[in-house]
Amino acid sequence: MPTLRLPGLVDVHVHMRDPGATHKEDWDTGTAAALAGGITAVLAMPNTAPPIADAESFDGALAQARKKARCDYAQFLGAGPETKGAVFHAAERAAGLKMYLDQTFGPLRLDEMTLWAEAIEQWPRDLPIAIHAESRTLAAAVLMAHLYDRPLHLCHVSTREEILLIRKAKERGVPVTCEVCPHHLFLSQADIPRIGEGRAEVRPRLAAPEDQAALWENLDIIDVFATDHAPHTLAEKDGENPPPGFPGLETALPLLLTAVGEGRLTLEDIISRMHENPRRIFNLPEQPHTWIEVDPDAEWEIRGEAQLTRCGWTPFEGKNVRGKVKKVVLRGSTAYENGKVIVRTGYGRNLRENPSEEP
Ligand code: NCD
Ligand code: ZN
């Protein structure tokens with residue numbers, strides 16, 4: 001097959017670790033990894049250190065991004081237990097509001113239902129909210145979307161009960177959308193012995209093979225594929241208290257293209273879930289003169305060592321895939337070609353800023 005040209009992919013769920021844990025990743029290495037994976041825009045999560053839950057930390061993270069990012073981006077604000085009204089002044093400049101209703105890495109968890117309601121009521125109705133909620137908490141989030149009649153985007157759905165609940169909700173017209181991560185599509189509990197217990201820690205956890213199968217059976221309900229790229233170093237993953245999270249920026253597209261080659265997905269499924277739907281749900285502007293070129297027949301082996309992410313490992317180590325990103329053109333410039341990132345740090349632009357306002 002000849003080279004395929006696809007639109008620049010958008011990853012709506014990325015942990016950049018900048019500021020606070022730049023030994024795991026920063027805006028430079030994270031966006032380089034994105035480009036290598038055919039991703040031209042990333043939405044960054046707020047569980048950094050400090051967490052991005054006030055105007056000051058928000059501006060601090062954006063200052064790093066402005067200096068270092070190689071692909072385009074926007075930054076989420078987090079609703080923390082201490083979050084006060086101030087954060088909502090930055091709403092228009094944020095990717096959206098991220099609400100953690102369940103256990104997570106970092107202090108941004110909202111334990112009380114009153115806090116959920118306050119955040120939903122205060123955040124402007126027309127701006128996106130992304131929710132980390134699992135199992136019964138996800139059911140509560142679906143109910144919130146219904147009661148407030150306001151779109152909620154449900155992050156990293158991973159189980160049969162969750163995807164079936166979302167199917168029912170959508171059938172009843174509840175305004176929810178959802179994302180699924182490649183690691184929940186391509187891995188399950190059955191892979192834990194091979195990956196190793198500590199390395200396999202991720203939230204939501206790798207699920208049962210039946211859950212994995214249910215995600216594939218309900219593809220029509222999945223609006224978005226997002227990586228939840230959550231890099232931690234190997235020393236951390238193999239240490240005493242392994243933090244949860246997988247890197248994913250460089251493996252998502254090759255895994256999905258391999259599934260296309262196997263007849264389990266279509267290219268259209270990838271384009272809708274990594275370009276069209278993310279743009280619609282998060283109201284992102286078009287990236288003009290932006291595309292990626294892919295060799296659909298290139299066969300290669302995934303190796304953590306060869307990745308651009310700083311974390312230096314992957315749960316897909318040794319997996320053979322078919323489909324390789326050859327070239328990425330971002331706003332008219334060749335950003336990545338034949339294994340090399342070409343654009344400089346600082347080339348990436350904030351998708352929530354008007355180009356004329358940029359310094
Ligand atoms: C995330 C991280 O490391 O930031 N880890 C994960 O397993 N997904 C935290 C999170 O998204 O809850
Ligand atoms: Zn995450």
# chains A, B, ... in the order shown; residues from 1 in each chain; ligands from 1
$ select_by_dssp --residues "segment 57-259 of chain A" --states "strand (DSSP E or B)" --output "list of chain:residue names"
A:Asp72, A:Tyr73, A:Ala74, A:Gln75, A:Leu77, A:Gly78, A:Leu97, A:Lys98, A:Met99, A:Tyr100, A:Arg109, A:Ile129, A:Ala130, A:Ile131, A:His132, A:Leu152, A:His153, A:Leu154, A:Val176, A:Thr177, A:Cys178, A:Glu179, A:Val180, A:Val224, A:Phe225, A:His229, A:Phe246
$ closest_atom_pairs --of "chain A" --to "ligand 1" --cutoff "8 Å" --atoms "only C-alpha atoms and all ligand atoms" --output "Markdown table"
| residue | atom | partner | partner_atom_place_in_ligand_line | distance |
| --- | --- | --- | --- | --- |
| A:His15 | CA | ligand 1 | 4 (O) | 5.8 |
| A:Arg17 | CA | ligand 1 | 4 (O) | 7.9 |
| A:Met45 | CA | ligand 1 | 4 (O) | 7.9 |
| A:Asn47 | CA | ligand 1 | 4 (O) | 6.2 |
| A:Thr48 | CA | ligand 1 | 4 (O) | 7.8 |
| A:Tyr100 | CA | ligand 1 | 12 (O) | 7.6 |
| A:Gln103 | CA | ligand 1 | 12 (O) | 6.9 |
| A:Thr104 | CA | ligand 1 | 12 (O) | 3.9 |
| A:Phe105 | CA | ligand 1 | 9 (C) | 4.4 |
| A:Gly106 | CA | ligand 1 | 4 (O) | 7.2 |
| A:His132 | CA | ligand 1 | 12 (O) | 7.1 |
| A:Glu201 | CA | ligand 1 | 7 (O) | 6.8 |
| A:Val202 | CA | ligand 1 | 7 (O) | 3.6 |
| A:Arg203 | CA | ligand 1 | 7 (O) | 3.7 |
| A:Pro204 | CA | ligand 1 | 7 (O) | 6.3 |
| A:Arg205 | CA | ligand 1 | 7 (O) | 7.5 |
| A:Asp228 | CA | ligand 1 | 8 (N) | 5.9 |
| A:His229 | CA | ligand 1 | 8 (N) | 7.4 |
| A:Ala230 | CA | ligand 1 | 3 (O) | 4.5 |
| A:Pro231 | CA | ligand 1 | 3 (O) | 6.5 |
| A:His232 | CA | ligand 1 | 3 (O) | 7.0 |
| A:Pro243 | CA | ligand 1 | 3 (O) | 6.6 |
| A:Pro244 | CA | ligand 1 | 7 (O) | 3.9 |
| A:Gly245 | CA | ligand 1 | 7 (O) | 3.3 |
| A:Phe246 | CA | ligand 1 | 7 (O) | 6.5 |
$ atom_distance --atom1 "atom CA of Pro182 of chain A" --atom2 "atom CA of Ala36 of chain A"
16.3 Å
$ closest_residue --among "A:Gly346, A:Pro7, A:Pro51, A:Pro128" --to "Leu267 of chain A" --atoms "only C-alpha atoms"
A:Pro7
$ select_by_dssp --residues "segment 118-295 of chain A" --states "alpha helix (DSSP H)" --output "count of residues only"
72
$ residues_around --residues "segment 59-70 of chain A" --least-positions-apart "4" --cutoff "6 Å" --atoms "only C-alpha atoms" --output "compact mmCIF listing (two decimals) with C-alpha atoms, in the first residue's frame"
# COMPACT_ATOMS: atom_id res chain seq x y z
CA TRP A 27 7.01 19.68 27.66
CA ASP A 28 10.02 19.12 25.39
CA THR A 31 5.71 16.77 22.77
CA THR A 345 11.17 23.67 21.26
CA GLY A 346 8.71 26.52 21.49
CA TYR A 347 7.24 25.89 18.04
CA GLY A 348 4.10 24.41 19.57
$ residues_around --residues "Leu234 of chain A" --least-positions-apart "4" --cutoff "9 Å" --atoms "only C-alpha atoms" --output "ChimeraX atom specification"
/A:199,238-239,311-313
$ closest_residue --among "A:Leu101, A:Leu308, A:Ala49, A:Leu77" --to "Gly248 of chain A" --atoms "only C-alpha atoms"
A:Leu308
$ residues_around --residues "His275 of chain A" --least-positions-apart "2" --cutoff "9 Å" --atoms "only C-alpha atoms" --output "ChimeraX atom specification"
/A:7-11,224,270-273,277-280
$ residues_around --residues "Lys168 of chain A" --least-positions-apart "5" --cutoff "12 Å" --atoms "only C-alpha atoms" --output "list in words"
Ala139, Val142, Leu143, Glu161, Glu162, Ile163, Gly173, Val174, Pro175, Val176, Asn218 and Ile221 of chain A
$ closest_residue --among "A:Asp18, A:Glu82, A:Asp297, A:Glu240" --to "Met1 of chain A" --atoms "only C-alpha atoms"
A:Asp297
$ atom_distance --atom1 "atom CA of Leu110 of chain A" --atom2 "atom CA of Ala130 of chain A"
13.4 Å
$ residues_around --residues "Gly323 of chain A" --least-positions-apart "6" --cutoff "7 Å" --atoms "only C-alpha atoms" --output "list of chain:residue names"
A:Pro254, A:Leu257, A:Thr258, A:Val294, A:Asp295, A:Pro296, A:Asp297, A:Ala298, A:Glu299
$ closest_residue --among "A:Cys155, A:Leu97, A:Ala21, A:Leu115" --to "ligand 2" --atoms "only C-alpha atoms and all ligand atoms"
A:Cys155
$ closest_residue --among "A:Val341, A:Ala226, A:Ala90, A:Ile131" --to "Gln307 of chain A" --atoms "only C-alpha atoms"
A:Val341
$ atom_distance --atom1 "atom CA of Gly38 of chain A" --atom2 "atom CA of Thr22 of chain A"
22.6 Å
$ closest_residue --among "A:Glu276, A:Glu179, A:Asp211, A:Asp111" --to "ligand 2" --atoms "only C-alpha atoms and all ligand atoms"
A:Glu179
